[in-house]
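Asker: What follows is the file my_file00.cif, containing mmCIF, C-alpha atoms (C1' of nucleotides):
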data_my_file
loop_
_atom_site.label_atom_id
_atom_site.label_comp_id
_atom_site.auth_asym_id
_atom_site.auth_seq_id
_atom_site.Cartn_x
_atom_site.Cartn_y
_atom_site.Cartn_z
CA MET A 26 18.91 20.63 -16.89
CA PRO A 27 16.77 20.78 -13.75
CA LEU A 28 16.35 17.76 -11.50
CA LYS A 29 12.74 16.98 -10.69
CA ILE A 30 12.14 14.75 -7.66
CA ALA A 31 8.68 13.40 -6.84
CA THR A 32 7.44 11.49 -3.79
CA TRP A 33 4.14 9.62 -3.73
CA ASN A 34 2.48 7.12 -1.44
CA ILE A 35 0.87 5.10 -4.21
CA ASN A 36 -1.11 2.60 -2.06
CA SER A 37 -0.34 -0.43 -4.26
CA VAL A 38 1.87 0.16 -7.28
CA ARG A 39 0.42 -2.83 -9.17
CA LEU A 40 -3.18 -1.65 -8.82
CA ARG A 41 -2.23 1.91 -9.76
CA ILE A 42 0.41 1.54 -12.45
CA LYS A 43 -1.84 3.45 -14.91
CA THR A 44 -2.12 6.28 -12.38
CA VAL A 45 1.67 6.41 -12.10
CA GLU A 46 1.92 6.54 -15.88
CA ARG A 47 -0.37 9.58 -15.84
CA LEU A 48 1.97 11.36 -13.42
CA ILE A 49 4.92 10.50 -15.65
CA ALA A 50 3.10 11.70 -18.78
CA GLU A 51 2.03 14.98 -17.21
CA HIS A 52 4.97 15.82 -14.92
CA ASP A 53 7.90 13.68 -16.05
CA PRO A 54 9.98 13.56 -12.83
CA ASP A 55 13.62 12.49 -13.09
CA VAL A 56 13.47 10.64 -9.78
CA LEU A 57 10.26 9.08 -8.46
CA CYS A 58 10.11 7.87 -4.87
CA LEU A 59 7.15 5.60 -4.11
CA GLN A 60 5.84 4.33 -0.78
CA GLU A 61 3.34 1.60 0.07
CA ILE A 62 4.12 -0.32 -3.09
CA LYS A 63 2.50 -3.33 -1.32
CA CYS A 64 4.40 -5.95 -3.29
CA THR A 65 7.56 -8.03 -3.22
CA ASN A 66 10.60 -7.07 -5.31
CA ASP A 67 9.64 -9.79 -7.83
CA GLN A 68 6.15 -8.34 -8.24
CA PHE A 69 7.36 -4.76 -8.82
CA PRO A 70 6.46 -3.56 -12.36
CA ALA A 71 10.10 -2.90 -13.26
CA LYS A 72 9.58 -3.16 -17.03
CA ALA A 73 6.79 -0.58 -17.04
CA PHE A 74 9.09 1.96 -15.37
CA ALA A 75 12.03 1.07 -17.62
CA LYS A 76 9.81 1.68 -20.64
CA TYR A 77 9.38 5.30 -19.53
CA GLY A 78 13.10 5.80 -18.99
CA TYR A 79 13.39 4.83 -15.33
CA GLU A 80 16.03 2.23 -15.96
CA HIS A 81 17.72 2.75 -12.61
CA GLN A 82 15.69 1.27 -9.78
CA ALA A 83 16.07 0.65 -6.07
CA VAL A 84 13.18 -1.52 -4.92
CA HIS A 85 12.68 -2.57 -1.31
CA GLY A 86 9.35 -4.33 -1.12
CA GLN A 87 7.64 -6.92 1.01
CA LYS A 88 4.48 -8.95 0.74
CA ALA A 89 1.15 -7.09 1.06
CA TYR A 90 2.28 -4.18 3.25
CA HIS A 91 4.56 -1.16 3.21
CA GLY A 92 7.42 -1.22 0.71
CA VAL A 93 9.37 1.61 -0.93
CA ALA A 94 10.90 2.05 -4.37
CA THR A 95 12.99 4.78 -5.97
CA VAL A 96 13.14 4.80 -9.77
CA SER A 97 15.41 7.17 -11.65
CA LYS A 98 16.27 8.33 -15.14
CA ARG A 99 19.73 9.20 -13.85
CA PRO A 100 22.25 6.53 -12.92
CA ILE A 101 22.17 5.34 -9.32
CA ARG A 102 25.68 5.12 -7.88
CA ASP A 103 24.76 3.02 -4.85
CA ILE A 104 21.80 1.79 -2.83
CA TYR A 105 21.34 1.46 0.95
CA ARG A 106 18.55 0.10 3.08
CA HIS A 107 18.37 0.77 6.79
CA ASP A 108 16.19 -1.52 8.89
CA TYR A 109 14.77 1.03 11.33
CA CYS A 110 13.80 -0.51 14.69
CA GLN A 111 15.08 -3.87 13.34
CA MET A 112 11.54 -4.91 12.50
CA GLY A 113 12.47 -6.44 9.15
CA ASP A 114 9.89 -4.33 7.29
CA SER A 115 10.56 -2.27 4.16
CA ARG A 116 10.34 1.39 5.10
CA HIS A 117 13.55 2.97 3.81
CA VAL A 118 15.75 2.93 0.76
CA SER A 119 18.35 5.50 -0.24
CA VAL A 120 20.16 6.02 -3.51
CA GLY A 121 23.31 7.95 -4.35
CA LEU A 122 23.14 10.24 -7.38
CA ASP A 123 25.79 12.45 -8.99
CA VAL A 124 24.09 15.58 -10.25
CA GLY A 125 25.68 18.79 -11.44
CA GLY A 126 28.93 18.12 -9.62
CA MET A 127 27.16 17.29 -6.37
CA ALA A 128 26.95 13.90 -4.68
CA ILE A 129 23.38 13.59 -3.45
CA THR A 130 21.86 10.84 -1.31
CA VAL A 131 18.09 10.61 -1.76
CA HIS A 132 16.37 8.98 1.22
CA ASN A 133 12.92 7.51 0.63
CA PHE A 134 10.89 6.84 3.83
CA TYR A 135 7.63 5.25 4.83
CA VAL A 136 7.30 6.06 8.53
CA PRO A 137 4.89 3.82 10.51
CA SER A 138 1.34 5.17 10.75
CA GLY A 139 1.13 4.58 14.49
CA GLY A 140 -2.37 3.10 14.93
CA ASP A 141 -5.25 4.83 16.67
CA GLU A 142 -4.34 5.42 20.30
CA PRO A 143 -1.54 7.99 20.85
CA ASP A 144 -0.13 6.19 23.89
CA PRO A 145 3.10 4.18 23.54
CA ALA A 146 2.33 2.29 26.76
CA THR A 147 -0.87 0.75 25.40
CA ASN A 148 -0.38 0.93 21.61
CA PRO A 149 2.69 -0.92 20.24
CA LYS A 150 2.21 0.72 16.82
CA PHE A 151 2.54 4.18 18.32
CA ASP A 152 5.57 3.06 20.31
CA HIS A 153 7.11 1.77 17.07
CA LYS A 154 6.43 5.09 15.34
CA LEU A 155 8.08 7.13 18.10
CA LYS A 156 11.12 4.84 18.17
CA PHE A 157 11.39 4.98 14.37
CA VAL A 158 11.36 8.79 14.38
CA LYS A 159 13.89 8.88 17.22
CA GLU A 160 16.22 6.68 15.16
CA MET A 161 15.89 9.09 12.22
CA ARG A 162 17.73 11.73 14.28
CA ALA A 163 20.99 10.12 13.17
CA LEU A 164 20.37 11.38 9.61
CA ARG A 165 22.35 14.38 8.39
CA ALA A 166 21.54 16.70 5.49
CA ASN A 167 25.27 17.15 4.97
CA SER A 168 28.15 14.81 5.64
CA GLY A 169 31.48 16.05 4.38
CA ASP A 170 31.00 17.20 0.79
CA ASP A 171 27.89 15.08 0.32
CA ASP A 172 24.36 16.46 0.33
CA ALA A 173 21.06 14.74 0.98
CA VAL A 174 17.42 14.91 0.06
CA LEU A 175 14.86 13.23 2.33
CA VAL A 176 11.40 12.46 0.98
CA GLY A 177 8.49 10.26 1.81
CA ASP A 178 5.34 9.57 3.72
CA LEU A 179 6.48 10.63 7.18
CA ASN A 180 2.95 10.17 8.55
CA ILE A 181 3.33 13.33 10.66
CA ALA A 182 1.88 16.77 9.92
CA PRO A 183 4.24 19.03 11.87
CA HIS A 184 2.76 22.53 11.55
CA GLU A 185 -0.64 24.00 12.47
CA ASN A 186 -1.46 24.65 8.82
CA ASP A 187 -0.44 21.12 7.84
CA VAL A 188 -3.85 19.94 9.11
CA TRP A 189 -7.44 21.12 8.57
CA SER A 190 -7.90 21.79 12.29
CA HIS A 191 -4.91 22.09 14.60
CA LYS A 192 -7.08 22.10 17.71
CA GLN A 193 -9.18 19.10 16.72
CA LEU A 194 -6.20 16.99 15.70
CA LEU A 195 -3.92 17.54 18.71
CA LYS A 196 -4.93 14.14 20.12
CA ILE A 197 -5.15 12.41 16.73
CA VAL A 198 -2.19 10.27 15.64
CA SER A 199 -0.13 12.21 13.03
CA HIS A 200 -0.47 15.59 14.77
CA THR A 201 0.10 14.91 18.50
CA PRO A 202 2.81 17.03 20.17
CA VAL A 203 5.04 14.02 20.91
CA GLU A 204 5.10 13.22 17.18
CA THR A 205 5.50 16.74 15.84
CA GLU A 206 8.22 17.51 18.41
CA GLY A 207 9.95 14.24 17.53
CA LEU A 208 9.95 15.08 13.83
CA THR A 209 11.13 18.63 14.58
CA ARG A 210 14.14 17.16 16.41
CA VAL A 211 14.97 15.02 13.37
CA PHE A 212 14.67 18.14 11.23
CA ASP A 213 16.71 20.48 13.48
CA GLU A 214 19.45 18.04 14.44
CA GLY A 215 19.89 16.89 10.84
CA GLY A 216 20.22 20.43 9.48
CA TRP A 217 17.37 20.03 6.99
CA VAL A 218 15.35 22.53 4.96
CA ASP A 219 11.62 21.88 4.31
CA LEU A 220 11.35 22.56 0.58
CA VAL A 221 7.54 22.61 0.56
CA ARG A 222 7.44 25.20 3.34
CA ARG A 223 10.20 27.21 1.70
CA HIS A 224 7.90 27.49 -1.31
CA ILE A 225 4.50 27.75 0.46
CA PRO A 226 4.46 30.03 3.54
CA VAL A 227 3.62 28.39 6.89
CA ASP A 228 0.47 30.50 7.28
CA GLN A 229 -1.09 28.77 4.27
CA LYS A 230 -2.90 25.43 4.55
CA VAL A 231 -1.37 22.65 2.46
CA TYR A 232 -2.27 18.96 2.51
CA SER A 233 -1.01 15.85 0.74
CA TRP A 234 -3.48 13.28 2.11
CA TRP A 235 -7.27 13.10 2.33
CA SER A 236 -9.12 10.14 3.88
CA TYR A 237 -10.99 7.71 1.64
CA ARG A 238 -13.81 7.82 4.16
CA ALA A 239 -15.08 11.31 3.44
CA ARG A 240 -18.16 11.44 1.23
CA ASP A 241 -16.59 14.30 -0.72
CA TRP A 242 -12.88 14.69 0.02
CA SER A 243 -12.61 18.04 -1.79
CA ALA A 244 -15.73 19.66 -0.33
CA SER A 245 -14.94 18.68 3.27
CA ASP A 246 -11.21 19.24 2.59
CA ARG A 247 -10.13 17.67 5.87
CA GLY A 248 -6.60 16.92 4.78
CA ARG A 249 -3.19 16.57 6.36
CA ARG A 250 0.35 17.21 5.04
CA LEU A 251 1.96 13.83 5.69
CA ASP A 252 4.29 13.71 2.67
CA HIS A 253 7.46 15.73 2.76
CA VAL A 254 10.50 16.83 0.77
CA TRP A 255 13.51 18.00 2.76
CA SER A 256 17.04 18.74 1.62
CA SER A 257 20.41 20.10 2.66
CA PRO A 258 20.72 23.92 2.60
CA ARG A 259 22.97 23.78 -0.48
CA VAL A 260 20.41 21.79 -2.45
CA ALA A 261 17.61 24.03 -1.11
CA ASP A 262 19.44 27.05 -2.53
CA GLN A 263 18.80 25.59 -5.99
CA LEU A 264 15.04 25.10 -5.45
CA ALA A 265 13.11 26.28 -8.50
CA SER A 266 9.56 25.15 -7.71
CA VAL A 267 7.34 22.87 -5.65
CA THR A 268 4.08 21.23 -6.72
CA VAL A 269 1.69 19.52 -4.32
CA LEU A 270 -0.51 17.82 -6.89
CA ARG A 271 -3.93 18.14 -5.21
CA GLU A 272 -5.74 17.33 -8.47
CA ALA A 273 -4.34 13.77 -8.39
CA ARG A 274 -6.66 13.00 -5.43
CA GLY A 275 -9.52 13.41 -7.90
CA TRP A 276 -8.10 11.07 -10.59
CA ASP A 277 -9.78 7.71 -11.28
CA LYS A 278 -9.16 5.14 -8.54
CA PRO A 279 -6.84 7.53 -6.69
CA SER A 280 -4.35 6.93 -3.92
CA ASP A 281 -5.36 8.73 -0.73
CA HIS A 282 -2.02 10.60 -0.99
CA VAL A 283 -0.99 12.96 -3.79
CA PRO A 284 2.46 13.44 -5.36
CA VAL A 285 4.74 16.15 -3.99
CA ILE A 286 7.27 17.36 -6.57
CA ALA A 287 10.35 19.56 -6.13
CA THR A 288 12.30 20.94 -9.08
CA LEU A 289 15.96 21.80 -8.48
CA ASP A 290 18.25 23.81 -10.76
CA LEU A 291 21.26 21.66 -10.12
CA ASP A 292 23.02 21.74 -13.45
"C1'" DA B 18 -17.97 11.58 15.83
"C1'" DT B 19 -14.01 14.16 10.65
"C1'" DG B 20 -15.50 10.06 7.99
"C1'" DA B 21 -16.79 4.85 7.48
"C1'" DC B 22 -13.61 3.58 2.31
"C1'" DG B 23 -10.15 0.80 0.08
"C1'" DG B 24 -6.04 -2.52 -0.50
"C1'" DA B 25 -4.02 -7.39 0.06
"C1'" DT B 26 -4.72 -11.88 1.28
"C1'" DC B 27 -4.62 -19.18 1.36
"C1'" DT B 28 -11.78 -15.31 -2.10
"C1'" DA B 29 -13.87 -14.58 3.08
"C1'" DA B 30 -13.44 -12.03 6.58
"C1'" DT B 31 -9.75 -9.94 8.57
"C1'" DC B 32 -5.81 -6.99 9.11
"C1'" DC B 33 -4.17 -2.54 8.00
"C1'" DG B 34 -4.13 2.35 6.80
"C1'" DA B 35 -4.00 7.58 9.68
#
Let me see whether you can do it: turn the structure in this file into structure tokens.

Answerer:
Amino acid sequence: MPLKIATWNINSVRLRIKTVERLIAEHDPDVLCLQEIKCTNDQFPAKAFAKYGYEHQAVHGQKAYHGVATVSKRPIRDIYRHDYCQMGDSRHVSVGLDVGGMAITVHNFYVPSGGDEPDPATNPKFDHKLKFVKEMRALRANSGDDDAVLVGDLNIAPHENDVWSHKQLLKIVSHTPVETEGLTRVFDEGGWVDLVRRHIPVDQKVYSWWSYRARDWSASDRGRRLDHVWSSPRVADQLASVTVLREARGWDKPSDHVPVIATLDLD
DNA sequence: ATGACGGATCTAATCCGA
């Protein structure tokens, strides 16, 4: 049995529950990690997910903004929430799963967007983003015998071909050198493998987000790869396939992000 | 100008996204 893990910034889970049901019907992930659920824990559509077999749920929401949730068909051993930057907002939840003889922690992140101006001295949102990413350096892909998977909307497009124009985005928040270097430190120091880039070579353009503001998102195709799936090397060795579901950006009432799905041959 | 839309909220105009 493979393990299929999907990450998706859903931009309001209540507004888009039908859209989530379409993903489930067509792709049937075992573990679904959502960001920007934009609701409190009480408002989360727990019964709708349970109906489709996601009986195991780790919801960390807040009113109106942010919020993450991981729902799973497999039992969740334990749940942790880390309050990055001690801001009291809901941007991380992790779950422990036991799959194919491996103990796997799945981290689900919603990294701050960072506002408009890429200057931490004048823009507190950008300062928050840099501090958040710095704090993520403590994460490890492996600790003892345990492995980890890290997914989410990291709000940073690290490589040149993760954006439509490397040159034109170097001063745009999400692709500035201070951000991409910061995320690269998290990646290198944690011992992670980028599953999407293991599957799709770095010389190929790949995006997971397209602005709502474009007249025709597909024709202009000015996207960015903000949503990521990383894992420990041992988990990465079992990677069977990766899907960046571009077509979901064209569904009715879409999120501005699309699902990123990794399938692992773990047992 | 890359491009002005889309979500939530004390339903109107404002904050936020990136």

Asker: Go through the shown structure with the PyMOL selection byres ((chain A) within 10 of (chain B)) and write out the matching residues as a ChimeraX atom specification.

Answerer: /A:36-37,40,63-64,88-90,137-141,180-181,189-190,193-194,197-199,234-242,245-249,251,278,280-281

Asker: Just so the selection is clear, what residues does the PyMOL selection byres ((chain A and resi 169) around 12) cover here, as a PDB file with C-alpha atoms, in the coordinates of the input?

Answerer:
ATOM      1  CA  MET A 127      27.160  17.290  -6.370  1.00  0.00           C
ATOM      2  CA  ALA A 128      26.950  13.900  -4.680  1.00  0.00           C
ATOM      3  CA  ILE A 129      23.380  13.590  -3.450  1.00  0.00           C
ATOM      4  CA  ARG A 165      22.350  14.380   8.390  1.00  0.00           C
ATOM      5  CA  ALA A 166      21.540  16.700   5.490  1.00  0.00           C
ATOM      6  CA  ASN A 167      25.270  17.150   4.970  1.00  0.00           C
ATOM      7  CA  SER A 168      28.150  14.810   5.640  1.00  0.00           C
ATOM      8  CA  ASP A 170      31.000  17.200   0.790  1.00  0.00           C
ATOM      9  CA  ASP A 171      27.890  15.080   0.320  1.00  0.00           C
ATOM     10  CA  ASP A 172      24.360  16.460   0.330  1.00  0.00           C
ATOM     11  CA  ALA A 173      21.060  14.740   0.980  1.00  0.00           C
ATOM     12  CA  SER A 257      20.410  20.100   2.660  1.00  0.00           C
TER      13      SER A 257
END

Asker: Evaluate the PyMOL selection byres ((chain A and resi 264) around 9) here and jot the selected residues down as an mmCIF file with C-alpha atoms, in the frame of the given file.

Answerer:
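Okay, part-v2.cif is ready:
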data_model
loop_
_atom_site.group_PDB
_atom_site.id
_atom_site.type_symbol
_atom_site.label_atom_id
_atom_site.label_comp_id
_atom_site.auth_asym_id
_atom_site.auth_seq_id
_atom_site.Cartn_x
_atom_site.Cartn_y
_atom_site.Cartn_z
ATOM 1 C CA LEU A 220 11.350 22.560 0.580
ATOM 2 C CA ARG A 223 10.200 27.210 1.700
ATOM 3 C CA HIS A 224 7.900 27.490 -1.310
ATOM 4 C CA VAL A 260 20.410 21.790 -2.450
ATOM 5 C CA ALA A 261 17.610 24.030 -1.110
ATOM 6 C CA ASP A 262 19.440 27.050 -2.530
ATOM 7 C CA GLN A 263 18.800 25.590 -5.990
ATOM 8 C CA ALA A 265 13.110 26.280 -8.500
ATOM 9 C CA SER A 266 9.560 25.150 -7.710
ATOM 10 C CA VAL A 267 7.340 22.870 -5.650
ATOM 11 C CA ALA A 287 10.350 19.560 -6.130
ATOM 12 C CA THR A 288 12.300 20.940 -9.080
ATOM 13 C CA LEU A 289 15.960 21.800 -8.480
ATOM 14 C CA ASP A 290 18.250 23.810 -10.760
ATOM 15 C CA LEU A 291 21.260 21.660 -10.120
#

Asker: Can you tell me how far atom CA of Asp152 of chain A sits from atom CA of Glu61 of chain A, in Å to one decimal?

Answerer: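 Separation between atom CA of Asp152 of chain A and atom CA of Glu61 of chain A: 20.4 Å.
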
Asker: List the spatial neighbours of Met112 of chain A as a PDB file with C-alpha atoms, in the coordinates of the input - criterion: any atom at most 10 Å away, all atoms listed in the file, same-chain residues fewer than 4 positions off excluded.

Answerer:
ATOM      1  CA  ASP A 108      16.190  -1.520   8.890  1.00  0.00           C
ATOM      2  CA  ARG A 116      10.340   1.390   5.100  1.00  0.00           C
ATOM      3  CA  HIS A 153       7.110   1.770  17.070  1.00  0.00           C
TER       4      HIS A 153
END

Asker: Just how far from atom CA of Asp252 of chain A is atom CA of His200 of chain A, in Å to one decimal?

Answerer: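 Between these atoms lies a distance of 13.1 Å.
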
Asker: Separation of atom CA of Val120 of chain A and atom CA of Asp103 of chain A, in Å?

Answerer: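 These atoms are spaced 5.7 Å apart.
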
Asker: So, with only C-alpha atoms as the atoms that count, which of A:Thr44, A:Ser233, A:Thr130, A:Ser243 lies closest to Val285 of chain A?

Answerer: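 Comparing A:Thr44, A:Ser233, A:Thr130, A:Ser243 against Val285 of chain A, the winner is A:Ser233.
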
Asker: Take every atom of segment 26-35 of chain B listed in the file, fit an axis-aligned box around them, add 3 Å per side, and give the centre and edge lengths in Å to one decimal as AutoDock Vina command-line options.

Answerer:
--center_x -8.9 --center_y -5.8 --center_z 3.8 --size_x 15.9 --size_y 32.8 --size_z 17.8
